[in-house]
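Reading through the structure tokens given below for one structure.
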Amino acid sequence: MYGIILAAGRGSRLEALTQNKPKCLVEIHERPLLEWQIDALKNGGVDNISIIGGYRADCLEPYGFPVIVNDRWDQSNMVVSLLSASIVLERTGAIISYADIFYPASIVRTLIETPGQIVVAQDPRWQDLWMRRFQNPLDDAETFIANESGRVTEIGDKPDTLDAVQGQFMGIFKITAAGWAVIKEHLSGLCSQDVDKLDMTGLLRALIQKGETICSVSCEGIWGEVDTPFDQELYERIFSYGDMREIL
């Protein structure tokens, strides 16, 4: 299985932490997020990894993985970065990972093993973490509703109530080659400006509205999303280095 890490953005909310490096190199317990991601992907069953770079892509070269550069990283959203890896997705599909998260190898294995052309990972216990990150968890949460079989029926809108958030999309998911064909067909019907503005949950929401099947799996291990300096400090406090090693 192939792995793709979407690391083109700067992560401006991280302020000085990304002044001279991309957000995937922000450290938790003295290790860049990228290293936690690489280890989790490899231990989860991913054989090959490519990184989609943009801002300070030169900082990614020492890791020894192919770096595909989205030259328009500051004018486009994550879907355009994903399009940069189209040749891989057309051939084999991949596990796709955001660059500002850490997660257990077990969720990678679960994504690989779960049938479905597009399968997303979600945290059903998201409120515990979001209550620590935000005064009001709904300020940053997005809707996520799945039926009993795990098929996602709603994702990525602004929720009015907690009932609209059964879980939180984690930023790690699987797309098979067949799933990528479905996505490319949808994107081909959009103008370039709309593709530039499209974020990942917006894409998934549009596919659901067209009747495409998006499956979901639950994460049982520890994970986190690093959007701000406060997030970095929070994870240093609530997870010891030993805890972090457990994600492998």
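For the structure tokens, the naming scheme is as follows: chains receive sequential letters (A, B, ...) according to their order of presentation, residues are indexed from 1 within each chain, and ligands are indexed from 1 in presentation order.
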
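Omitting Leu207 of chain A and its sequence neighbours fewer than 3 positions away, and counting only C-alpha atoms, the residues within 12 Å are Ile118, Val152, Thr153, Glu154, Ile155, Gly156, Gly179, Trp180, Val182, Ile183, Lys184, Glu185, His186, Leu187, Met200, Thr201, Gly202, Leu203, Leu204, Lys210, Gly211, Glu212, Thr213, Ile214 and Cys215 of chain A.
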
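Atom to atom, atom CA of Leu25 of chain A and atom CA of Glu246 of chain A stand 20.1 Å apart.
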
Extract, using only C-alpha atoms, all DNA, RNA and protein residues at most 10 Å from Val108 of chain A, discarding same-chain residues fewer than 5 positions from it, and format them as a PyMOL selection string. chain A and resi 3+40-46+95-97+103+113+121+172-174+219

Can you list every residue in segment 74-117 of chain A that DSSP puts in alpha helix (DSSP H), as a list in words? Met78, Val79, Val80, Ser81, Leu82, Leu83, Ser86, Ile87, Val88, Leu89, Glu90, Arg91, Ala105, Ser106, Ile107, Val108, Arg109, Thr110, Leu111, Ile112 and Glu113 of chain A

Among segment 16-233 of chain A, which residues does DSSP mark as strand (DSSP E or B) when it is run on the backbone? Keep the chain and numbering as in the structure and answer as a PyMOL selection string. chain A and resi 27-28+31-32+48-54+56+67-69+94-98+101-102+118-123+144-146+151-155+165+168-175+215-218+224-225

Using only C-alpha atoms, which residue out of A:Gly242, A:Leu234, A:Asp47, A:Tyr55 lies closest to Lys21 of chain A? A:Tyr55

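The neighbours of Ala94 of chain A here are the residues that come within 8 Å of it, using only C-alpha atoms and leaving out any residue fewer than 3 positions away in the same chain; they are A:Met1, A:Tyr2, A:Gly3, A:Ile4, A:Val88, A:Leu89, A:Lys174, A:Ile175, A:Thr176.
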
Nearest to Ser106 of chain A, restricted to only C-alpha atoms and choosing among A:Gly53, A:Ser240, A:Glu225, A:Asp39, comes out as A:Asp39

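Coordinates place atom CA of Thr161 of chain A at a distance of 15.3 Å from atom CA of Pro124 of chain A.
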
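Atom CA of Pro159 of chain A sits 20.7 Å away from atom CA of Val217 of chain A.
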
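Using only C-alpha atoms, the residues found no farther than 12 Å from Trp130 of chain A, other than those of its own chain fewer than 3 positions away, are A:Asp123, A:Pro124, A:Arg125, A:Trp126, A:Gln127, A:Arg133, A:Phe134, A:Gln135, A:Asn136, A:Pro137, A:Leu138, A:Asp139, A:Asp140, A:Ala141, A:Glu142, A:Leu162, A:Val165, A:Gly167, A:Gln168, A:Trp223, A:Gly224, A:Glu225, A:Val226, A:Asp231, A:Leu234.
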
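The closest residue to Ala146 of chain A, picked from A:Glu30, A:Asp163, A:Asp194, A:Glu90 and counting only C-alpha atoms, is A:Asp163.
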
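Distances here use only C-alpha atoms; by that measure, the residue among A:Ser81, A:Asp74, A:Gly221, A:Ile28 closest to Ser12 of chain A is A:Asp74.
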
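Distances here use only C-alpha atoms; by that measure, the residue among A:Phe239, A:Met78, A:Ile51, A:Val26 closest to Pro66 of chain A is A:Ile51.
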
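Nearest residue to Leu129 of chain A, choosing from A:Leu60, A:Ala206, A:Ala85, A:Met170 and counting only C-alpha atoms: A:Met170.
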